[in-house]
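Below: run-v1.pdb (PDB, C-alpha atoms)
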```
ATOM      1  CA  MET A   4     -63.086  -0.008  93.057
ATOM      2  CA  HIS A   5     -64.091  -3.561  92.348
ATOM      3  CA  ASP A   6     -63.511  -4.744  88.801
ATOM      4  CA  LEU A   7     -66.892  -5.765  87.443
ATOM      5  CA  ALA A   8     -67.449  -7.317  84.065
ATOM      6  CA  VAL A   9     -63.746  -7.791  83.384
ATOM      7  CA  PRO A  10     -63.219 -10.406  80.666
ATOM      8  CA  ARG A  11     -61.559 -13.676  81.483
ATOM      9  CA  GLN A  12     -58.398 -13.136  79.474
ATOM     10  CA  THR A  13     -57.717  -9.772  81.134
ATOM     11  CA  GLN A  14     -58.109 -11.114  84.646
ATOM     12  CA  ALA A  15     -55.892 -14.061  83.908
ATOM     13  CA  ALA A  16     -53.229 -11.817  82.430
ATOM     14  CA  ALA A  17     -53.391  -9.555  85.453
ATOM     15  CA  GLY A  18     -53.077 -12.506  87.775
ATOM     16  CA  HIS A  19     -56.469 -11.949  89.399
ATOM     17  CA  ALA A  20     -57.458 -14.744  91.763
ATOM     18  CA  PRO A  21     -61.108 -15.464  92.569
ATOM     19  CA  ALA A  22     -62.153 -12.540  94.762
ATOM     20  CA  ALA A  23     -63.523 -13.216  98.221
ATOM     21  CA  GLY A  24     -66.932 -11.937  99.287
ATOM     22  CA  LEU A  25     -68.448 -11.879  95.810
ATOM     23  CA  LEU A  26     -72.108 -12.703  95.384
ATOM     24  CA  LEU A  27     -71.628 -13.505  91.696
ATOM     25  CA  ASP A  28     -68.344 -14.505  90.074
ATOM     26  CA  VAL A  29     -68.502 -15.485  86.399
ATOM     27  CA  GLN A  30     -65.394 -15.962  84.288
ATOM     28  CA  GLY A  31     -65.246 -16.699  80.552
ATOM     29  CA  LEU A  32     -68.962 -17.299  79.988
ATOM     30  CA  ARG A  33     -69.699 -18.621  76.512
ATOM     31  CA  THR A  34     -73.167 -19.401  75.229
ATOM     32  CA  TRP A  35     -73.035 -20.782  71.712
ATOM     33  CA  PHE A  36     -75.924 -22.042  69.595
ATOM     34  CA  HIS A  37     -74.997 -24.926  67.328
ATOM     35  CA  THR A  38     -77.169 -24.619  64.200
ATOM     36  CA  ARG A  39     -77.171 -26.130  60.716
ATOM     37  CA  ASP A  40     -75.648 -22.943  59.361
ATOM     38  CA  GLY A  41     -72.856 -22.836  61.918
ATOM     39  CA  ILE A  42     -72.148 -21.721  65.469
ATOM     40  CA  VAL A  43     -73.843 -18.561  66.720
ATOM     41  CA  LYS A  44     -71.578 -17.119  69.419
ATOM     42  CA  ALA A  45     -74.268 -15.190  71.271
ATOM     43  CA  VAL A  46     -72.066 -14.740  74.354
ATOM     44  CA  ASP A  47     -68.353 -15.097  73.833
ATOM     45  CA  GLY A  48     -66.079 -14.817  76.876
ATOM     46  CA  VAL A  49     -68.088 -12.556  79.200
ATOM     47  CA  SER A  50     -66.991 -12.177  82.819
ATOM     48  CA  LEU A  51     -68.987 -10.561  85.610
ATOM     49  CA  GLN A  52     -68.341  -9.943  89.272
ATOM     50  CA  LEU A  53     -70.990  -8.544  91.569
ATOM     51  CA  ARG A  54     -71.147  -7.851  95.289
ATOM     52  CA  GLU A  55     -74.183  -7.564  97.522
ATOM     53  CA  GLY A  56     -76.186  -4.418  96.901
ATOM     54  CA  GLU A  57     -74.356  -3.499  93.693
ATOM     55  CA  ILE A  58     -76.221  -2.506  90.542
ATOM     56  CA  LEU A  59     -74.641  -3.309  87.197
ATOM     57  CA  GLY A  60     -76.085  -1.914  83.984
ATOM     58  CA  LEU A  61     -75.575  -4.221  80.989
ATOM     59  CA  VAL A  62     -75.958  -2.003  77.934
ATOM     60  CA  GLY A  63     -75.949  -2.542  74.183
ATOM     61  CA  GLU A  64     -77.993  -2.709  70.999
ATOM     62  CA  SER A  65     -80.418  -5.523  70.238
ATOM     63  CA  GLY A  66     -78.477  -8.648  69.350
ATOM     64  CA  SER A  67     -75.433  -7.790  71.458
ATOM     65  CA  GLY A  68     -75.936 -10.768  73.783
ATOM     66  CA  LYS A  69     -77.340  -8.994  76.846
ATOM     67  CA  SER A  70     -80.471 -11.097  77.298
ATOM     68  CA  ILE A  71     -78.699 -14.381  76.544
ATOM     69  CA  THR A  72     -76.191 -13.496  79.266
ATOM     70  CA  GLY A  73     -79.080 -13.174  81.708
ATOM     71  CA  PHE A  74     -80.709 -16.412  80.524
ATOM     72  CA  SER A  75     -77.372 -18.207  80.881
ATOM     73  CA  LEU A  76     -76.983 -17.103  84.484
ATOM     74  CA  MET A  77     -80.526 -18.241  85.252
ATOM     75  CA  GLY A  78     -80.054 -21.645  83.597
ATOM     76  CA  LEU A  79     -82.744 -20.915  81.006
ATOM     77  CA  VAL A  80     -80.842 -21.658  77.793
ATOM     78  CA  ASP A  81     -82.307 -24.603  75.896
ATOM     79  CA  ALA A  82     -80.875 -26.656  73.031
ATOM     80  CA  PRO A  83     -79.265 -26.007  70.615
ATOM     81  CA  GLY A  84     -77.668 -23.549  73.019
ATOM     82  CA  LYS A  85     -74.732 -24.689  75.143
ATOM     83  CA  VAL A  86     -73.416 -22.777  78.142
ATOM     84  CA  ARG A  87     -69.744 -23.086  79.058
ATOM     85  CA  SER A  88     -67.774 -21.119  81.598
ATOM     86  CA  GLU A  89     -64.463 -21.341  83.399
ATOM     87  CA  ARG A  90     -66.215 -20.308  86.584
ATOM     88  CA  MET A  91     -69.837 -19.505  87.428
ATOM     89  CA  VAL A  92     -70.314 -19.172  91.177
ATOM     90  CA  PHE A  93     -73.318 -17.587  92.874
ATOM     91  CA  ASN A  94     -73.474 -17.084  96.633
ATOM     92  CA  GLY A  95     -70.773 -19.721  97.088
ATOM     93  CA  ARG A  96     -72.521 -22.310  94.890
ATOM     94  CA  ASP A  97     -71.156 -23.611  91.609
ATOM     95  CA  LEU A  98     -73.973 -23.019  89.127
ATOM     96  CA  LEU A  99     -72.350 -25.313  86.582
ATOM     97  CA  ALA A 100     -72.681 -28.252  88.985
ATOM     98  CA  LEU A 101     -76.383 -27.772  89.792
ATOM     99  CA  SER A 102     -78.981 -30.291  88.683
ATOM    100  CA  PRO A 103     -82.105 -28.971  86.900
ATOM    101  CA  GLU A 104     -84.095 -29.393  90.130
ATOM    102  CA  GLN A 105     -81.494 -27.538  92.206
ATOM    103  CA  TYR A 106     -81.505 -24.719  89.650
ATOM    104  CA  ARG A 107     -85.300 -24.596  89.833
ATOM    105  CA  GLN A 108     -85.163 -24.211  93.609
ATOM    106  CA  LEU A 109     -82.640 -21.414  93.226
ATOM    107  CA  ARG A 110     -84.733 -19.500  90.684
ATOM    108  CA  GLY A 111     -87.444 -17.377  92.221
ATOM    109  CA  LYS A 112     -85.896 -17.485  95.678
ATOM    110  CA  ASP A 113     -82.242 -16.448  95.613
ATOM    111  CA  MET A 114     -82.157 -15.511  91.913
ATOM    112  CA  ALA A 115     -85.016 -13.878  90.057
ATOM    113  CA  MET A 116     -85.440 -12.590  86.521
ATOM    114  CA  ILE A 117     -87.794  -9.929  85.235
ATOM    115  CA  PHE A 118     -88.507 -10.542  81.554
ATOM    116  CA  GLN A 119     -89.224  -7.934  78.911
ATOM    117  CA  ASP A 120     -92.425  -9.790  78.004
ATOM    118  CA  PRO A 121     -94.545 -10.247  81.170
ATOM    119  CA  MET A 122     -96.317 -13.252  79.657
ATOM    120  CA  MET A 123     -93.055 -15.173  80.012
ATOM    121  CA  THR A 124     -93.717 -14.892  83.765
ATOM    122  CA  LEU A 125     -97.509 -14.984  83.981
ATOM    123  CA  ASN A 126     -99.710 -18.016  83.307
ATOM    124  CA  PRO A 127    -102.778 -16.841  81.345
ATOM    125  CA  THR A 128    -104.965 -19.615  82.811
ATOM    126  CA  LEU A 129    -104.419 -18.736  86.482
ATOM    127  CA  ARG A 130    -105.578 -15.763  88.520
ATOM    128  CA  VAL A 131    -102.923 -13.365  89.706
ATOM    129  CA  ASP A 132    -103.400 -14.280  93.377
ATOM    130  CA  THR A 133    -102.898 -17.995  92.639
ATOM    131  CA  GLN A 134     -99.634 -17.307  90.819
ATOM    132  CA  MET A 135     -98.237 -14.962  93.449
ATOM    133  CA  ILE A 136     -99.236 -17.051  96.460
ATOM    134  CA  GLU A 137     -97.808 -20.223  94.908
ATOM    135  CA  ALA A 138     -94.569 -18.379  94.134
ATOM    136  CA  VAL A 139     -94.201 -17.641  97.838
ATOM    137  CA  LEU A 140     -95.263 -21.093  99.084
ATOM    138  CA  ALA A 141     -92.864 -22.827  96.682
ATOM    139  CA  HIS A 142     -89.899 -21.380  98.573
ATOM    140  CA  ASP A 143     -91.173 -20.431 102.029
ATOM    141  CA  LYS A 144     -93.151 -22.311 104.677
ATOM    142  CA  VAL A 145     -95.774 -19.690 105.528
ATOM    143  CA  THR A 146     -99.574 -19.653 105.641
ATOM    144  CA  ARG A 147    -101.576 -18.744 102.574
ATOM    145  CA  LYS A 148    -102.726 -15.591 104.349
ATOM    146  CA  ALA A 149     -99.121 -14.535 104.987
ATOM    147  CA  ALA A 150     -98.282 -15.261 101.349
ATOM    148  CA  ARG A 151    -101.264 -13.202 100.215
ATOM    149  CA  ASP A 152    -100.277 -10.314 102.488
ATOM    150  CA  ARG A 153     -96.767 -10.401 101.006
ATOM    151  CA  ALA A 154     -98.242 -10.326  97.503
ATOM    152  CA  ILE A 155    -100.301  -7.240  98.338
ATOM    153  CA  GLU A 156     -97.249  -5.571  99.863
ATOM    154  CA  VAL A 157     -95.120  -5.932  96.726
ATOM    155  CA  LEU A 158     -98.002  -4.904  94.451
ATOM    156  CA  VAL A 159     -98.192  -1.648  96.368
ATOM    157  CA  LYS A 160     -94.425  -1.206  95.960
ATOM    158  CA  VAL A 161     -94.652  -1.363  92.181
ATOM    159  CA  GLY A 162     -97.469   1.173  92.057
ATOM    160  CA  ILE A 163    -100.519  -1.004  91.434
ATOM    161  CA  PRO A 164    -103.738   0.656  92.665
ATOM    162  CA  SER A 165    -106.345  -1.446  94.497
ATOM    163  CA  PRO A 166    -104.002  -4.461  94.807
ATOM    164  CA  GLU A 167    -106.664  -6.639  96.476
ATOM    165  CA  GLU A 168    -108.845  -6.306  93.397
ATOM    166  CA  ARG A 169    -105.983  -6.922  90.976
ATOM    167  CA  LEU A 170    -105.235 -10.208  92.718
ATOM    168  CA  GLN A 171    -108.660 -11.522  91.721
ATOM    169  CA  VAL A 172    -108.237 -11.154  87.943
ATOM    170  CA  TYR A 173    -106.588 -13.094  85.144
ATOM    171  CA  PRO A 174    -103.607 -11.613  83.265
ATOM    172  CA  HIS A 175    -105.640 -10.991  80.094
ATOM    173  CA  HIS A 176    -107.911  -8.647  82.059
ATOM    174  CA  LEU A 177    -104.983  -6.285  82.597
ATOM    175  CA  SER A 178    -103.169  -3.836  80.355
ATOM    176  CA  GLY A 179     -99.647  -4.618  79.172
ATOM    177  CA  GLY A 180     -98.156  -2.113  81.589
ATOM    178  CA  MET A 181    -100.113  -3.557  84.503
ATOM    179  CA  ARG A 182     -99.029  -7.097  83.614
ATOM    180  CA  GLN A 183     -95.416  -5.948  83.570
ATOM    181  CA  ARG A 184     -95.729  -4.405  87.016
ATOM    182  CA  ILE A 185     -97.164  -7.672  88.339
ATOM    183  CA  ALA A 186     -94.271  -9.601  86.759
ATOM    184  CA  ILE A 187     -91.850  -7.240  88.519
ATOM    185  CA  ALA A 188     -93.723  -7.743  91.790
ATOM    186  CA  ILE A 189     -93.417 -11.538  91.465
ATOM    187  CA  ALA A 190     -89.640 -11.180  91.110
ATOM    188  CA  LEU A 191     -89.565  -9.192  94.360
ATOM    189  CA  LEU A 192     -91.761 -11.622  96.326
ATOM    190  CA  ASN A 193     -89.028 -13.693  97.975
ATOM    191  CA  SER A 194     -86.457 -10.890  98.426
ATOM    192  CA  PRO A 195     -83.875 -12.551  96.135
ATOM    193  CA  LYS A 196     -80.151 -11.970  96.515
ATOM    194  CA  LEU A 197     -79.833 -11.260  92.778
ATOM    195  CA  ILE A 198     -82.331  -9.834  90.313
ATOM    196  CA  ILE A 199     -81.677  -9.896  86.575
ATOM    197  CA  ALA A 200     -83.965  -7.365  84.896
ATOM    198  CA  ASP A 201     -84.256  -7.641  81.105
ATOM    199  CA  GLU A 202     -85.586  -4.245  79.953
ATOM    200  CA  PRO A 203     -88.509  -4.536  82.390
ATOM    201  CA  THR A 204     -89.815  -0.961  82.136
ATOM    202  CA  THR A 205     -90.060  -0.680  78.342
ATOM    203  CA  ALA A 206     -93.869  -0.976  78.341
ATOM    204  CA  LEU A 207     -94.411   1.401  81.266
ATOM    205  CA  ASP A 208     -95.122   5.114  81.187
ATOM    206  CA  VAL A 209     -92.465   7.498  82.476
ATOM    207  CA  THR A 210     -94.100   8.098  85.868
ATOM    208  CA  ILE A 211     -94.420   4.402  86.714
ATOM    209  CA  GLN A 212     -90.985   3.751  85.238
ATOM    210  CA  GLY A 213     -89.476   6.253  87.662
ATOM    211  CA  GLN A 214     -91.344   4.682  90.566
ATOM    212  CA  ILE A 215     -90.085   1.201  89.668
ATOM    213  CA  LEU A 216     -86.498   2.421  89.364
ATOM    214  CA  PHE A 217     -86.750   4.126  92.758
ATOM    215  CA  GLU A 218     -88.168   1.025  94.451
ATOM    216  CA  VAL A 219     -85.578  -1.290  92.897
ATOM    217  CA  GLN A 220     -82.722   1.008  93.893
ATOM    218  CA  LYS A 221     -84.130   1.251  97.419
ATOM    219  CA  LEU A 222     -84.416  -2.541  97.626
ATOM    220  CA  CYS A 223     -80.768  -2.948  96.654
ATOM    221  CA  ARG A 224     -79.582  -0.388  99.189
ATOM    222  CA  GLU A 225     -81.671  -1.649 102.101
ATOM    223  CA  SER A 226     -81.644  -5.421 101.608
ATOM    224  CA  GLY A 227     -78.310  -5.948  99.870
ATOM    225  CA  THR A 228     -79.961  -7.374  96.758
ATOM    226  CA  ALA A 229     -77.666  -7.203  93.731
ATOM    227  CA  LEU A 230     -79.119  -6.184  90.388
ATOM    228  CA  ILE A 231     -78.150  -6.649  86.756
ATOM    229  CA  TRP A 232     -80.223  -4.203  84.707
ATOM    230  CA  ILE A 233     -80.215  -5.141  81.020
ATOM    231  CA  THR A 234     -81.138  -2.326  78.656
ATOM    232  CA  HIS A 235     -80.357  -0.500  75.425
ATOM    233  CA  ASP A 236     -81.265   2.815  77.093
ATOM    234  CA  LEU A 237     -78.225   4.461  78.626
ATOM    235  CA  ALA A 238     -80.350   7.402  79.777
ATOM    236  CA  ILE A 239     -82.327   5.174  82.142
ATOM    237  CA  VAL A 240     -79.541   3.020  83.490
ATOM    238  CA  SER A 241     -77.096   5.904  84.040
ATOM    239  CA  GLY A 242     -79.289   7.139  86.876
ATOM    240  CA  LEU A 243     -79.658   3.673  88.390
ATOM    241  CA  ALA A 244     -76.440   1.666  88.056
ATOM    242  CA  ASP A 245     -73.257   1.913  90.101
ATOM    243  CA  ARG A 246     -71.340   0.511  87.183
ATOM    244  CA  LEU A 247     -71.881  -0.080  83.473
ATOM    245  CA  ALA A 248     -70.753  -2.853  81.151
ATOM    246  CA  VAL A 249     -71.197  -2.181  77.441
ATOM    247  CA  MET A 250     -71.742  -5.243  75.229
ATOM    248  CA  TYR A 251     -71.244  -5.592  71.496
ATOM    249  CA  ALA A 252     -71.410  -8.777  69.418
ATOM    250  CA  GLY A 253     -71.397 -11.059  72.462
ATOM    251  CA  ARG A 254     -68.458  -9.370  74.199
ATOM    252  CA  ILE A 255     -67.987  -6.681  76.799
ATOM    253  CA  VAL A 256     -66.111  -3.832  75.109
ATOM    254  CA  GLU A 257     -66.005  -1.339  77.982
ATOM    255  CA  THR A 258     -66.756  -1.242  81.683
ATOM    256  CA  ALA A 259     -66.330   1.334  84.431
ATOM    257  CA  ALA A 260     -68.181   3.183  87.149
ATOM    258  CA  THR A 261     -71.206   4.921  85.656
ATOM    259  CA  PRO A 262     -69.829   8.500  85.915
ATOM    260  CA  GLU A 263     -66.627   7.373  84.177
ATOM    261  CA  ILE A 264     -68.547   5.917  81.249
ATOM    262  CA  VAL A 265     -70.962   8.826  80.884
ATOM    263  CA  GLY A 266     -68.291  11.481  81.280
ATOM    264  CA  GLY A 267     -65.363   9.833  79.523
ATOM    265  CA  ALA A 268     -66.257   6.863  77.323
ATOM    266  CA  ARG A 269     -63.140   5.369  75.701
ATOM    267  CA  HIS A 270     -64.691   2.940  73.234
ATOM    268  CA  PRO A 271     -66.201   4.464  70.066
ATOM    269  CA  TYR A 272     -69.265   2.219  70.380
ATOM    270  CA  THR A 273     -69.961   3.511  73.901
ATOM    271  CA  HIS A 274     -69.420   7.043  72.670
ATOM    272  CA  GLY A 275     -71.954   6.421  69.892
ATOM    273  CA  LEU A 276     -74.571   5.168  72.340
ATOM    274  CA  ILE A 277     -74.094   8.221  74.559
ATOM    275  CA  SER A 278     -74.158  10.655  71.636
ATOM    276  CA  SER A 279     -77.477   9.251  70.420
ATOM    277  CA  ILE A 280     -79.270  10.232  73.648
ATOM    278  CA  PRO A 281     -81.430  13.381  73.333
ATOM    279  CA  SER A 282     -80.473  16.204  75.677
ATOM    280  CA  ILE A 283     -81.124  19.890  76.176
ATOM    281  CA  HIS A 284     -78.004  20.601  74.117
ATOM    282  CA  THR A 285     -79.261  18.615  71.109
ATOM    283  CA  ARG A 286     -82.648  20.308  70.870
ATOM    284  CA  GLY A 287     -83.403  21.106  67.236
ATOM    285  CA  LYS A 288     -80.345  19.206  66.047
ATOM    286  CA  GLU A 289     -80.076  15.873  64.315
ATOM    287  CA  LEU A 290     -79.050  13.145  66.762
ATOM    288  CA  PHE A 291     -75.917  11.131  66.171
ATOM    289  CA  GLN A 292     -76.523   7.708  64.674
ATOM    290  CA  ILE A 293     -74.072   4.817  64.647
ATOM    291  CA  PRO A 294     -73.747   3.821  60.972
ATOM    292  CA  GLY A 295     -74.538   0.329  59.777
ATOM    293  CA  SER A 296     -75.920  -2.505  61.887
ATOM    294  CA  THR A 297     -74.619  -5.203  64.194
ATOM    295  CA  PRO A 298     -72.781  -8.005  62.374
ATOM    296  CA  SER A 299     -74.152 -11.513  62.102
ATOM    297  CA  LEU A 300     -72.974 -13.615  65.044
ATOM    298  CA  LEU A 301     -72.700 -16.508  62.589
ATOM    299  CA  ASN A 302     -70.016 -14.748  60.610
ATOM    300  CA  LEU A 303     -68.200 -12.189  62.727
ATOM    301  CA  PRO A 304     -65.459 -10.198  60.999
ATOM    302  CA  GLN A 305     -61.858 -10.869  61.888
ATOM    303  CA  GLY A 306     -60.489  -8.667  64.648
ATOM    304  CA  CYS A 307     -62.610  -5.999  66.326
ATOM    305  CA  PRO A 308     -66.275  -6.737  65.540
ATOM    306  CA  PHE A 309     -67.108  -3.007  65.569
ATOM    307  CA  ARG A 310     -64.497  -1.919  63.040
ATOM    308  CA  ALA A 311     -66.875  -1.807  60.029
ATOM    309  CA  ARG A 312     -68.955   0.842  61.827
ATOM    310  CA  CYS A 313     -66.160   2.688  63.608
ATOM    311  CA  TYR A 314     -64.906   6.182  62.738
ATOM    312  CA  ARG A 315     -61.544   5.369  64.351
ATOM    313  CA  ALA A 316     -60.946   2.103  62.485
ATOM    314  CA  SER A 317     -57.461   1.509  61.118
ATOM    315  CA  SER A 318     -55.408  -1.387  59.791
ATOM    316  CA  SER A 319     -54.596  -2.486  63.353
ATOM    317  CA  CYS A 320     -58.281  -3.252  63.947
ATOM    318  CA  VAL A 321     -58.065  -6.477  61.916
ATOM    319  CA  GLN A 322     -56.507  -7.946  65.072
ATOM    320  CA  ASP A 323     -58.500  -8.523  68.269
ATOM    321  CA  PRO A 324     -57.904  -5.551  70.577
ATOM    322  CA  PRO A 325     -56.740  -6.358  74.114
ATOM    323  CA  PHE A 326     -59.077  -5.530  76.977
ATOM    324  CA  GLU A 327     -56.902  -3.123  78.942
ATOM    325  CA  GLN A 328     -57.218  -0.944  81.989
ATOM    326  CA  VAL A 329     -57.368   2.672  80.836
ATOM    327  CA  GLY A 330     -58.017   4.211  84.254
ATOM    328  CA  PRO A 331     -58.924   3.251  87.826
ATOM    329  CA  GLY A 332     -61.598   0.577  87.445
ATOM    330  CA  HIS A 333     -62.023   1.501  83.785
ATOM    331  CA  TRP A 334     -61.395  -1.121  81.068
ATOM    332  CA  ALA A 335     -61.844  -0.933  77.309
ATOM    333  CA  ALA A 336     -61.164  -3.135  74.275
ATOM    334  CA  CYS A 337     -60.047  -0.768  71.521
ATOM    335  CA  TRP A 338     -56.743  -0.208  69.729
ATOM    336  CA  HIS A 339     -57.467   3.508  69.843
ATOM    337  CA  GLN A 340     -58.893   3.753  73.360
ATOM    338  CA  GLY A 341     -56.224   6.293  74.328
ATOM    339  CA  VAL A 342     -58.130   8.860  72.283
ATOM    340  CA  GLN A 343     -60.780  10.432  74.460
ATOM    341  CA  ALA A 344     -64.223   9.955  72.917
TER     342      ALA A 344
END
```

Go ahead and express the file in the form of structure tokens.
Amino acid sequence: MHDLAVPRQTQAAAGHAPAAGLLLDVQGLRTWFHTRDGIVKAVDGVSLQLREGEILGLVGESGSGKSITGFSLMGLVDAPGKVRSERMVFNGRDLLALSPEQYRQLRGKDMAMIFQDPMMTLNPTLRVDTQMIEAVLAHDKVTRKAARDRAIEVLVKVGIPSPEERLQVYPHHLSGGMRQRIAIAIALLNSPKLIIADEPTTALDVTIQGQILFEVQKLCRESGTALIWITHDLAIVSGLADRLAVMYAGRIVETAATPEIVGGARHPYTHGLISSIPSIHTRGKELFQIPGSTPSLLNLPQGCPFRARCYRASSSCVQDPPFEQVGPGHWAACWHQGVQA
């Protein structure tokens, strides 16, 4: 198995060299926001490795740093945020060395992002066909008719009825769910090598959600597109992702192949997320709830950031736990990870 989402310090300690054939290789990513009140460490030492066609689920509560990780990879972090990384290579290109214009050319063609709010993608003053056709023509030398045909093709893929008619309207004429499907379609227009999806199906009903997940999974398998699916919903991503990376307080605390996480989580935070999912066995019972709330990223506690909410916490947790391999391709950062959750 390939080690995905293995933090920088672990790889260095293990003597891992930059792996060949990776589509995405990020080591020690830090995105800090320098404010009047102090430094907000939104992403603090995250490492990701992804190969063509692989699907990685990035899971965690709100405020864990998932979305900022995606924005950092896309070059969409503005001041006072600062992105630093030991290595950030995509498709053989050093993202840290790109100019703003080079990054702009990369976005939408080789890298695409689906935002949780579709209006971050859609311009309310332009018709849908104008936005989709221009998105194609900006990166590909084709006729407007060919660009329009491609737009209709991807609208059909994401389950939009009467796509020719939908192209003629403005975003405010559409429901929130329909706007989200169009935003997803725009991300698929140029068959990118990497798609970063930030909770893109939250506003969609279950039927359409299932259709989108099927189409995205099919795209990855057939075209070799890699996908990072950002979500707080383990139930959704467990049926989609090849591998999961669980984030808490700006760090990855556990990563493994999806069946390993679902069937044998080692970190108490991961176990809490899994236990809070409704199932046939929990019918009529009160669901498990992780006590407390995520700590302020301005003032993180010393040692393990989860220890104030953890049922396994002990005196050793005042020290940062090492991120260690606990099984084949399975890594966890917990002093008590040897105890099966």

Checklist entry - Counting all atoms listed in the file, which of A:Pro195, A:Pro127, A:Arg90, A:Gly330 gets nearest to A:Leu177? => result A:Pro127

Next on the checklist: List the spatial neighbours of A:Arg169 as a list in words - criterion: any atom at most 12 Å away, all atoms listed in the file, same-chain residues fewer than 6 positions off excluded.
Outcome noted: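 Once the adjacent positions are removed, what remains is Arg130, Val131, Asp132, Thr133, Met135, Ala154, Ile155, Leu158, Val159, Gly162, Ile163, His175, His176, Leu177, Ser178, Met181, Arg182, Arg184 and Ile185 of chain A.
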
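One distance worth recording is that between atom CA of A:Leu27 and atom CA of A:Gly95, which is 8.3 Å.
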
Output the residue selection produced by the PyMOL selection byres ((chain A and resi 300) around 12) on the file above, formatted as a short mmCIF file (atom, residue, chain, number, x, y, z; two decimals) with C-alpha atoms, in the frame of the given file.
```
data_model
loop_
_atom_site.label_atom_id
_atom_site.label_comp_id
_atom_site.auth_asym_id
_atom_site.auth_seq_id
_atom_site.Cartn_x
_atom_site.Cartn_y
_atom_site.Cartn_z
CA THR A 34 -73.17 -19.40 75.23
CA TRP A 35 -73.04 -20.78 71.71
CA PHE A 36 -75.92 -22.04 69.60
CA HIS A 37 -75.00 -24.93 67.33
CA THR A 38 -77.17 -24.62 64.20
CA ASP A 40 -75.65 -22.94 59.36
CA GLY A 41 -72.86 -22.84 61.92
CA ILE A 42 -72.15 -21.72 65.47
CA VAL A 43 -73.84 -18.56 66.72
CA LYS A 44 -71.58 -17.12 69.42
CA ALA A 45 -74.27 -15.19 71.27
CA VAL A 46 -72.07 -14.74 74.35
CA ASP A 47 -68.35 -15.10 73.83
CA GLY A 66 -78.48 -8.65 69.35
CA SER A 67 -75.43 -7.79 71.46
CA GLY A 68 -75.94 -10.77 73.78
CA TYR A 251 -71.24 -5.59 71.50
CA ALA A 252 -71.41 -8.78 69.42
CA GLY A 253 -71.40 -11.06 72.46
CA ARG A 254 -68.46 -9.37 74.20
CA SER A 296 -75.92 -2.50 61.89
CA THR A 297 -74.62 -5.20 64.19
CA PRO A 298 -72.78 -8.01 62.37
CA SER A 299 -74.15 -11.51 62.10
CA LEU A 301 -72.70 -16.51 62.59
CA ASN A 302 -70.02 -14.75 60.61
CA LEU A 303 -68.20 -12.19 62.73
CA PRO A 304 -65.46 -10.20 61.00
CA GLN A 305 -61.86 -10.87 61.89
CA PRO A 308 -66.28 -6.74 65.54
#
```

Next on the checklist: Give me the residues near A:Ser279 as a list in words, where near means some atom within 8 Å (using only C-alpha atoms) and where sequence neighbours in that chain fewer than 4 positions away do not count.
Outcome noted: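 Those residues are Gly275, Leu290, Phe291 and Gln292 of chain A.
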
Checklist entry - Taking only C-alpha atoms into account, which of A:Ile255, A:Ala336, A:Val209, A:Ala268 comes nearest A:Ile239? => result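 Nearest to A:Ile239: A:Val209.
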